[in-house]
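The structure file target.tsv is reproduced below (TSV, C-alpha atoms).
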chain	number	residue	atom	x	y	z
K	241	MET	CA	-17.64	13.83	-5.67
K	242	HIS	CA	-16.48	10.26	-5.29
K	243	TYR	CA	-13.18	9.94	-3.42
K	244	GLN	CA	-11.56	8.31	-6.46
K	245	ASP	CA	-12.50	11.34	-8.60
K	246	ILE	CA	-11.19	13.64	-5.88
K	247	THR	CA	-7.91	11.71	-5.87
K	248	ASP	CA	-7.61	11.95	-9.66
K	249	LYS	CA	-8.23	15.70	-9.48
K	250	ILE	CA	-5.57	16.16	-6.78
K	251	LEU	CA	-2.97	14.20	-8.72
K	252	SER	CA	-3.77	15.69	-12.15
K	253	SER	CA	-3.63	19.21	-10.69
K	254	LYS	CA	-0.36	18.33	-8.94
K	255	LEU	CA	-1.76	19.59	-5.63
K	256	LYS	CA	-0.16	16.69	-3.77
K	257	ARG	CA	2.55	14.16	-4.58
K	258	THR	CA	2.08	10.51	-3.69
K	259	THR	CA	4.74	8.74	-1.61
K	260	GLY	CA	3.95	5.20	-2.69
K	261	LEU	CA	0.87	4.09	-0.76
K	262	THR	CA	-2.48	3.90	-2.54
K	263	PRO	CA	-3.49	7.58	-2.93
K	264	LYS	CA	-7.25	6.95	-3.16
K	265	MET	CA	-7.33	5.14	0.19
K	266	THR	CA	-5.35	7.95	1.84
K	267	VAL	CA	-7.77	10.55	0.44
K	268	SER	CA	-10.75	8.47	1.60
K	269	ALA	CA	-9.29	8.22	5.10
K	270	VAL	CA	-8.56	11.97	5.29
K	271	LEU	CA	-12.12	12.78	4.20
K	272	THR	CA	-13.61	10.33	6.70
K	273	LYS	CA	-11.49	11.56	9.60
K	274	ASN	CA	-12.39	15.24	9.01
K	275	PRO	CA	-16.20	15.41	9.39
K	276	ARG	CA	-15.88	19.06	10.41
K	277	LEU	CA	-15.07	19.94	6.78
K	278	PHE	CA	-16.47	16.99	4.81
K	279	ASN	CA	-19.84	15.21	4.88
K	280	ALA	CA	-20.03	11.55	3.86
K	281	LYS	CA	-22.87	11.02	1.37
K	282	GLY	CA	-22.58	7.23	1.15
K	283	ASP	CA	-21.01	4.84	-1.36
K	284	GLY	CA	-17.71	6.74	-1.33
K	285	TYR	CA	-19.19	10.18	-2.10
K	286	TYR	CA	-18.32	13.28	-0.07
K	287	GLY	CA	-19.45	16.89	0.04
K	288	LEU	CA	-18.38	20.01	1.88
K	289	SER	CA	-19.92	20.75	5.27
K	290	GLU	CA	-21.10	24.28	6.03
K	291	GLU	CA	-17.76	25.00	7.67
K	292	GLY	CA	-16.00	23.43	4.71
K	293	LYS	CA	-17.92	25.71	2.33
K	294	GLN	CA	-16.92	28.75	4.38
K	295	TYR	CA	-13.31	27.61	4.28
K	296	ALA	CA	-13.52	27.20	0.48
K	297	ASP	CA	-15.21	30.61	0.03
K	298	ASN	CA	-12.43	32.26	2.06
K	299	SER	CA	-9.65	30.39	0.26
K	300	HIS	CA	-8.16	33.69	-0.95
K	301	ILE	CA	-7.63	34.66	2.68
K	302	HIS	CA	-5.77	31.45	3.39
K	303	GLN	CA	-3.73	31.86	0.21
K	304	SER	CA	-2.65	35.34	1.27
K	305	SER	CA	-1.59	34.23	4.77
K	306	ASN	CA	2.07	34.51	5.69
K	307	GLN	CA	4.55	31.83	4.67
K	308	GLU	CA	5.06	30.58	8.23
K	309	GLN	CA	1.35	29.84	8.67
K	310	GLU	CA	1.18	28.09	5.28
K	311	THR	CA	4.16	25.94	6.26
K	312	GLN	CA	2.51	25.00	9.56
K	313	GLU	CA	-0.72	24.03	7.78
K	314	GLU	CA	1.17	21.92	5.23
K	315	ASP	CA	3.14	20.18	8.00
K	316	LEU	CA	-0.12	19.47	9.83
K	317	LEU	CA	-1.64	17.93	6.69
K	318	ASN	CA	1.47	15.87	5.98
K	319	ASN	CA	1.55	14.59	9.56
K	320	SER	CA	-2.14	13.69	9.32
K	321	ILE	CA	-1.55	11.75	6.08
K	322	GLU	CA	1.50	10.01	7.55
K	323	ILE	CA	-0.49	8.90	10.61
K	324	ILE	CA	-3.27	7.54	8.40
K	325	GLU	CA	-0.82	5.69	6.15
K	326	ASN	CA	1.00	4.24	9.16
K	327	GLU	CA	-2.30	2.80	10.41
K	328	LYS	CA	-2.39	0.43	7.44
K	329	VAL	CA	-1.33	-3.08	8.50
K	330	ILE	CA	-0.49	-4.18	4.95
K	331	LYS	CA	1.45	-1.27	3.49
K	332	HIS	CA	2.66	-2.78	0.20
K	333	TYR	CA	1.87	-5.97	-1.68
K	334	GLY	CA	2.29	-7.90	-4.91
K	335	VAL	CA	0.03	-10.69	-6.18
K	336	PHE	CA	0.62	-13.63	-8.50
K	337	TRP	CA	4.27	-12.92	-9.25
K	338	ASN	CA	6.06	-15.56	-11.33
K	339	ARG	CA	8.76	-17.56	-9.58
K	340	GLU	CA	10.78	-17.97	-12.79
K	341	ASN	CA	11.16	-14.20	-13.18
K	342	VAL	CA	13.34	-13.95	-10.07
K	343	ASP	CA	17.06	-14.75	-10.26
K	344	TRP	CA	17.21	-16.69	-7.00
K	345	ASN	CA	20.92	-17.44	-7.51
K	346	GLY	CA	21.87	-13.80	-7.99
K	347	TYR	CA	24.18	-12.22	-5.41
K	348	PRO	CA	22.39	-10.53	-3.95
K	349	PHE	CA	19.15	-11.59	-5.60
K	350	LYS	CA	16.42	-8.96	-5.89
K	351	LEU	CA	12.66	-8.94	-5.52
K	352	LEU	CA	11.77	-6.04	-7.83
K	353	GLY	CA	8.39	-4.36	-8.12
K	354	ILE	CA	6.97	-1.22	-9.72
K	355	ASP	CA	3.74	0.60	-8.89
K	356	SER	CA	1.16	2.32	-11.06
K	357	GLN	CA	2.97	5.64	-10.62
K	358	GLU	CA	6.04	4.05	-12.25
K	359	THR	CA	8.42	5.84	-9.91
K	360	GLY	CA	11.10	3.25	-10.69
K	361	PRO	CA	11.61	-0.34	-9.55
K	362	ILE	CA	11.92	-0.97	-5.81
K	363	ASP	CA	13.81	-3.90	-4.35
K	364	PHE	CA	11.61	-5.58	-1.73
K	365	ARG	CA	14.45	-7.89	-0.68
K	366	SER	CA	14.15	-6.93	3.00
K	367	MET	CA	10.35	-6.57	3.20
K	368	ARG	CA	8.67	-8.52	6.02
K	369	GLY	CA	5.12	-9.80	6.21
K	370	VAL	CA	3.01	-12.69	4.90
K	371	TYR	CA	3.28	-14.65	1.66
K	372	LEU	CA	1.37	-17.31	-0.31
K	373	LEU	CA	2.75	-19.96	-2.65
K	374	TYR	CA	0.66	-21.17	-5.61
K	375	ASP	CA	0.63	-24.13	-7.93
K	376	PHE	CA	-0.79	-22.01	-10.77
K	377	ARG	CA	-3.93	-20.67	-8.98
K	378	GLU	CA	-4.19	-23.09	-6.06
K	379	VAL	CA	-2.72	-21.93	-2.76
K	380	VAL	CA	-0.34	-24.65	-1.55
K	381	TYR	CA	1.42	-22.86	1.31
K	382	VAL	CA	1.07	-19.78	3.54
K	383	GLY	CA	3.98	-18.39	5.52
K	384	GLN	CA	5.24	-15.37	7.42
K	385	ALA	CA	8.49	-13.47	7.76
K	386	VAL	CA	9.10	-11.30	10.83
K	387	GLY	CA	12.01	-10.31	13.01
K	388	ASN	CA	15.30	-10.64	11.15
K	389	SER	CA	13.76	-12.76	8.39
K	390	SER	CA	12.34	-11.32	5.16
K	391	ILE	CA	9.73	-12.53	2.70
K	392	ALA	CA	12.45	-12.86	0.05
K	393	ASP	CA	14.57	-15.02	2.38
K	394	ARG	CA	11.66	-17.34	3.02
K	395	LEU	CA	10.77	-17.56	-0.68
K	396	LYS	CA	14.34	-18.44	-1.61
K	397	ALA	CA	14.38	-21.15	1.05
K	398	HIS	CA	11.25	-22.64	-0.54
K	399	THR	CA	13.11	-23.03	-3.85
K	400	LYS	CA	15.27	-25.69	-2.15
K	401	ASP	CA	13.10	-27.29	0.55
K	402	ARG	CA	10.30	-29.87	0.34
K	403	HIS	CA	8.08	-27.30	-1.40
K	404	ALA	CA	10.58	-26.67	-4.20
K	405	ASN	CA	8.60	-28.53	-6.88
K	406	ARG	CA	5.18	-27.53	-5.60
K	407	TRP	CA	4.91	-23.85	-6.56
K	408	ASN	CA	5.41	-21.57	-9.56
K	409	ARG	CA	3.84	-18.29	-8.41
K	410	PHE	CA	3.65	-16.30	-5.19
K	411	SER	CA	1.97	-13.31	-3.56
K	412	TRP	CA	3.44	-11.19	-0.79
K	413	PHE	CA	1.94	-8.70	1.68
K	414	GLY	CA	4.41	-6.37	3.39
K	415	ILE	CA	4.14	-4.69	6.79
K	416	ASP	CA	7.15	-2.38	6.38
K	417	LYS	CA	7.19	1.10	4.83
K	418	VAL	CA	8.99	2.30	1.72
K	419	ASP	CA	10.76	5.66	1.61
K	420	GLY	CA	9.12	7.55	-1.26
K	421	THR	CA	12.38	9.25	-2.26
K	422	SER	CA	15.08	6.59	-1.94
K	423	GLY	CA	12.92	3.47	-2.28
K	424	ARG	CA	14.56	2.08	0.86
K	425	ILE	CA	12.58	-0.34	3.03
K	426	ILE	CA	11.92	1.11	6.50
K	427	PRO	CA	11.07	-1.52	9.15
K	428	SER	CA	7.87	-0.95	11.13
K	429	GLU	CA	8.15	-0.86	14.90
K	430	ASP	CA	7.73	-4.23	16.59
K	431	ASN	CA	5.43	-2.76	19.26
K	432	LEU	CA	3.19	-0.94	16.76
K	433	ARG	CA	-0.39	-0.65	18.04
K	434	ILE	CA	-3.03	-1.53	15.46
K	435	ASP	CA	-6.66	-0.41	15.44
K	436	LEU	CA	-9.05	-3.40	15.39
K	437	ASN	CA	-10.92	-2.09	12.33
K	438	ASN	CA	-7.64	-1.70	10.42
K	439	LEU	CA	-6.65	-5.23	11.38
K	440	VAL	CA	-9.94	-6.67	10.11
K	441	ASP	CA	-9.60	-4.64	6.90
K	442	ALA	CA	-6.10	-6.04	6.41
K	443	LEU	CA	-7.21	-9.64	6.92
K	444	GLU	CA	-10.10	-9.17	4.50
K	445	GLY	CA	-7.89	-7.51	1.92
K	446	LEU	CA	-5.21	-10.18	2.19
K	447	LEU	CA	-7.71	-12.97	1.60
K	448	ILE	CA	-9.43	-11.16	-1.29
K	449	GLU	CA	-6.22	-10.19	-3.07
K	450	GLY	CA	-4.38	-13.43	-2.33
K	451	ILE	CA	-7.15	-15.89	-3.14
K	452	GLU	CA	-9.40	-13.85	-5.47
K	453	PRO	CA	-12.81	-15.31	-4.49
K	454	ARG	CA	-15.17	-15.21	-7.46
K	455	GLN	CA	-17.93	-13.32	-5.67
K	456	ASN	CA	-15.71	-10.48	-4.40
K	457	ARG	CA	-15.73	-7.52	-6.78
K	458	ARG	CA	-13.38	-5.23	-4.89
K	459	GLY	CA	-10.23	-5.36	-2.82
K	460	GLY	CA	-10.00	-4.83	0.92
K	461	ASP	CA	-10.46	-1.40	2.47
K	462	ASN	CA	-7.57	0.53	4.01
K	463	PHE	CA	-5.10	-1.63	2.09
K	464	GLY	CA	-1.61	-0.75	0.91
K	465	ASN	CA	-0.10	-0.03	-2.49
K	466	GLU	CA	0.02	-2.80	-5.10
K	467	TYR	CA	3.23	-3.47	-7.03
K	468	ASN	CA	3.60	-5.37	-10.27
K	469	GLN	CA	6.57	-7.66	-10.75
K	470	TYR	CA	9.40	-5.82	-12.48
K	471	ILE	CA	11.52	-7.78	-14.96
K	472	PRO	CA	14.80	-6.12	-16.04
K	473	ASP	CA	15.52	-6.07	-19.77
K	474	ASN	CA	18.86	-7.86	-19.31
Turn this file's structure into structure tokens for me.
Amino acid sequence: MHYQDITDKILSSKLKRTTGLTPKMTVSAVLTKNPRLFNAKGDGYYGLSEEGKQYADNSHIHQSSNQEQETQEEDLLNNSIEIIENEKVIKHYGVFWNRENVDWNGYPFKLLGIDSQETGPIDFRSMRGVYLLYDFREVVYVGQAVGNSSIADRLKAHTKDRHANRWNRFSWFGIDKVDGTSGRIIPSEDNLRIDLNNLVDALEGLLIEGIEPRQNRRGGDNFGNEYNQYIPDN
């Protein structure tokens, strides 16, 4: 099966609940990092290894195991998924949001987004990372927000500085995590070590999503969860 079909099956069967990051990329990473159970067939397709088939055939044994063992296995899986998700450089992002849909004079103003799971709007006010300013589709400025600064802070500053009349849309790419339950932004560690392949994937994904080259037909690999701009009714 293709990893996207596997993801759809997991979610539709309610075998696992997503915590905000792109589920299909997490599933792909788990399959790739467990060659003992899964064989990569190319082009995103995976099959069970011989050991994986034996595990599947004996699933009734695993289901009848004691509760403590089941809890340990679930914790191990959750820890594995968390490690894989933490490896993503760009954890959340939004592309081509409209400047006019943000109340920059609100106190405090909010940068609201909602994902495809529609778990409720999240305020990305404190999210850090990289952002792009557009004059319609042309990129006119690229900036970053790290340390005590946030992407929202930098965007608001650009509504009053020399760039104020030069942009009407923006994209943002966040490096911080989002708590799947509370929606609270959790800062990533400043000394976080990043795998070189993940870094290259992030750079590719940022350029593809932020600039949308005509010849690219897909987004970057190992990329975070996309959010659409949320506009309150009132």
Shortest interatomic distance to K:Gly464 - which of K:Ile246, K:Met241, K:Leu443, K:Ile330, counting all atoms listed in the file: K:Ile330
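Computed from the coordinates, the atom CA of K:Asn345 to atom CA of K:Trp412 distance equals 19.7 Å.
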Counting all atoms listed in the file, the residue of K:Ile471, K:Leu395, K:Val386, K:Val329 that sits nearest K:Leu446: K:Val329
To box stretch 443-449 of chain K, take all atoms listed in the file, fit an axis-aligned box, add 5 Å on each side, and give centre and edge lengths in Å to one decimal, as lines of an AutoDock Vina configuration file.
center_x = -7.7
center_y = -10.2
center_z = 1.9
size_x = 14.9
size_y = 15.5
size_z = 20.0
Long-range neighbours of K:Thr272 as a PyMOL selection string, 12 Å cut-off, only C-alpha atoms, 2 positions minimum in chain: chain K and resi 243+265-270+274-282+284-288+324+462
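Atom CA of K:Ala392 is found 17.6 Å from atom CA of K:Asn405.
Shortest atom-to-atom contact with K:Glu340 among K:Leu372, K:Met367, K:Trp407, K:Gly387: K:Trp407, counting all atoms listed in the file.
Taking atom CA of K:Phe410 as the reference point, atom CA of K:Asn338 is found at 6.6 Å.
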Residues within 12 Å of (10.8, -22.6, -2.0), file coords, all atoms listed in the file, listed as JSON, numbers by chain: {"K": [339, 340, 344, 371, 372, 373, 374, 375, 380, 381, 382, 383, 391, 392, 393, 394, 395, 396, 397, 398, 399, 400, 401, 402, 403, 404, 405, 406, 407, 408, 409, 410]}
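Closest approach to K:Ile425 among K:Arg365, K:Lys254, K:Lys249, K:Lys264 is made by K:Arg365 (distances from only C-alpha atoms).
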Top pick for closest residue to K:His242, considering K:Val370, K:Ile354, K:Val440, K:Leu271 and counting all atoms listed in the file: K:Leu271
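Contact shell of K:Ile451 at 10 Å (all atoms listed in the file; same-chain neighbours under 5 positions omitted): Val335, Phe336, Leu372, Tyr374, Arg377, Glu378, Val379, Ser411, Gly445 and Leu446 of chain K.
Ranking K:Pro453, K:Gly423, K:Gly292, K:Gly334 by their shortest atom-to-atom distance to K:Pro361, with all atoms listed in the file included, puts K:Gly423 first.
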Please supply stretch 331-342 of chain K, rebuilt with all heavy atoms, as a tab-separated table (two decimals), in the frame of the given file.
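File produced: rebuild.tsv:
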chain	number	residue	atom	x	y	z
K	331	LYS	N	1.07	-2.54	4.10
K	331	LYS	CA	1.45	-1.27	3.49
K	331	LYS	C	1.79	-1.40	2.01
K	331	LYS	O	1.63	-0.46	1.25
K	331	LYS	CB	2.61	-0.67	4.27
K	331	LYS	CG	2.25	-0.30	5.72
K	331	LYS	CD	3.43	0.25	6.47
K	331	LYS	CE	3.00	0.81	7.82
K	331	LYS	NZ	2.34	-0.17	8.68
K	332	HIS	N	2.31	-2.54	1.60
K	332	HIS	CA	2.66	-2.78	0.20
K	332	HIS	C	2.44	-4.26	-0.11
K	332	HIS	O	2.60	-5.11	0.77
K	332	HIS	CB	4.13	-2.42	-0.07
K	332	HIS	CG	4.48	-1.03	0.33
K	332	HIS	ND1	4.31	0.05	-0.48
K	332	HIS	CD2	5.01	-0.54	1.49
K	332	HIS	CE1	4.70	1.15	0.14
K	332	HIS	NE2	5.12	0.81	1.34
K	333	TYR	N	2.09	-4.56	-1.35
K	333	TYR	CA	1.87	-5.97	-1.68
K	333	TYR	C	2.02	-6.21	-3.18
K	333	TYR	O	1.95	-5.29	-4.00
K	333	TYR	CB	0.50	-6.43	-1.20
K	333	TYR	CG	-0.68	-5.86	-1.96
K	333	TYR	CD1	-1.35	-6.62	-2.93
K	333	TYR	CD2	-1.14	-4.57	-1.71
K	333	TYR	CE1	-2.44	-6.10	-3.61
K	333	TYR	CE2	-2.23	-4.04	-2.39
K	333	TYR	CZ	-2.87	-4.81	-3.34
K	333	TYR	OH	-3.94	-4.29	-4.03
K	334	GLY	N	2.23	-7.48	-3.52
K	334	GLY	CA	2.29	-7.90	-4.91
K	334	GLY	C	1.61	-9.26	-5.03
K	334	GLY	O	1.80	-10.12	-4.17
K	335	VAL	N	0.79	-9.45	-6.06
K	335	VAL	CA	0.03	-10.69	-6.18
K	335	VAL	C	0.35	-11.41	-7.49
K	335	VAL	O	0.55	-10.80	-8.53
K	335	VAL	CB	-1.50	-10.44	-6.09
K	335	VAL	CG1	-1.86	-9.97	-4.69
K	335	VAL	CG2	-1.95	-9.42	-7.11
K	336	PHE	N	0.42	-12.73	-7.37
K	336	PHE	CA	0.62	-13.63	-8.50
K	336	PHE	C	1.88	-13.29	-9.31
K	336	PHE	O	1.85	-13.20	-10.53
K	336	PHE	CB	-0.63	-13.66	-9.40
K	336	PHE	CG	-1.85	-14.18	-8.71
K	336	PHE	CD1	-2.88	-13.34	-8.34
K	336	PHE	CD2	-1.96	-15.53	-8.40
K	336	PHE	CE1	-4.00	-13.81	-7.68
K	336	PHE	CE2	-3.09	-16.02	-7.75
K	336	PHE	CZ	-4.10	-15.17	-7.39
K	337	TRP	N	2.99	-13.11	-8.58
K	337	TRP	CA	4.27	-12.92	-9.25
K	337	TRP	C	4.80	-14.29	-9.69
K	337	TRP	O	4.54	-15.31	-9.03
K	337	TRP	CB	5.27	-12.26	-8.33
K	337	TRP	CG	5.01	-10.79	-8.12
K	337	TRP	CD1	3.85	-10.12	-8.34
K	337	TRP	CD2	5.95	-9.83	-7.61
K	337	TRP	NE1	3.99	-8.80	-8.01
K	337	TRP	CE2	5.26	-8.58	-7.56
K	337	TRP	CE3	7.26	-9.90	-7.17
K	337	TRP	CZ2	5.89	-7.42	-7.12
K	337	TRP	CZ3	7.89	-8.74	-6.73
K	337	TRP	CH2	7.20	-7.51	-6.70
K	338	ASN	N	5.52	-14.32	-10.80
K	338	ASN	CA	6.06	-15.56	-11.33
K	338	ASN	C	7.41	-15.90	-10.69
K	338	ASN	O	8.31	-15.06	-10.67
K	338	ASN	CB	6.23	-15.48	-12.85
K	338	ASN	CG	4.91	-15.50	-13.58
K	338	ASN	OD1	4.05	-16.32	-13.27
K	338	ASN	ND2	4.73	-14.61	-14.54
K	339	ARG	N	7.53	-17.09	-10.21
K	339	ARG	CA	8.76	-17.56	-9.58
K	339	ARG	C	9.94	-17.50	-10.55
K	339	ARG	O	11.05	-17.11	-10.18
K	339	ARG	CB	8.57	-18.98	-9.07
K	339	ARG	CG	9.84	-19.69	-8.62
K	339	ARG	CD	9.53	-21.10	-8.15
K	339	ARG	NE	10.73	-21.88	-7.92
K	339	ARG	CZ	10.73	-23.11	-7.43
K	339	ARG	NH1	9.59	-23.70	-7.10
K	339	ARG	NH2	11.87	-23.77	-7.26
K	340	GLU	N	9.70	-17.87	-11.82
K	340	GLU	CA	10.78	-17.97	-12.79
K	340	GLU	C	11.36	-16.61	-13.17
K	340	GLU	O	12.44	-16.54	-13.77
K	340	GLU	CB	10.30	-18.68	-14.04
K	340	GLU	CG	9.20	-17.95	-14.78
K	340	GLU	CD	8.72	-18.69	-16.01
K	340	GLU	OE1	9.02	-19.90	-16.13
K	340	GLU	OE2	8.06	-18.06	-16.86
K	341	ASN	N	10.67	-15.53	-12.83
K	341	ASN	CA	11.16	-14.20	-13.18
K	341	ASN	C	12.08	-13.61	-12.12
K	341	ASN	O	12.48	-12.44	-12.23
K	341	ASN	CB	9.98	-13.25	-13.40
K	341	ASN	CG	9.21	-13.57	-14.66
K	341	ASN	OD1	9.77	-14.13	-15.61
K	341	ASN	ND2	7.93	-13.23	-14.69
K	342	VAL	N	12.41	-14.38	-11.11
K	342	VAL	CA	13.34	-13.95	-10.07
K	342	VAL	C	14.63	-14.76	-10.20
K	342	VAL	O	14.59	-15.99	-10.28
K	342	VAL	CB	12.75	-14.14	-8.66
K	342	VAL	CG1	13.76	-13.70	-7.59
K	342	VAL	CG2	11.45	-13.36	-8.52
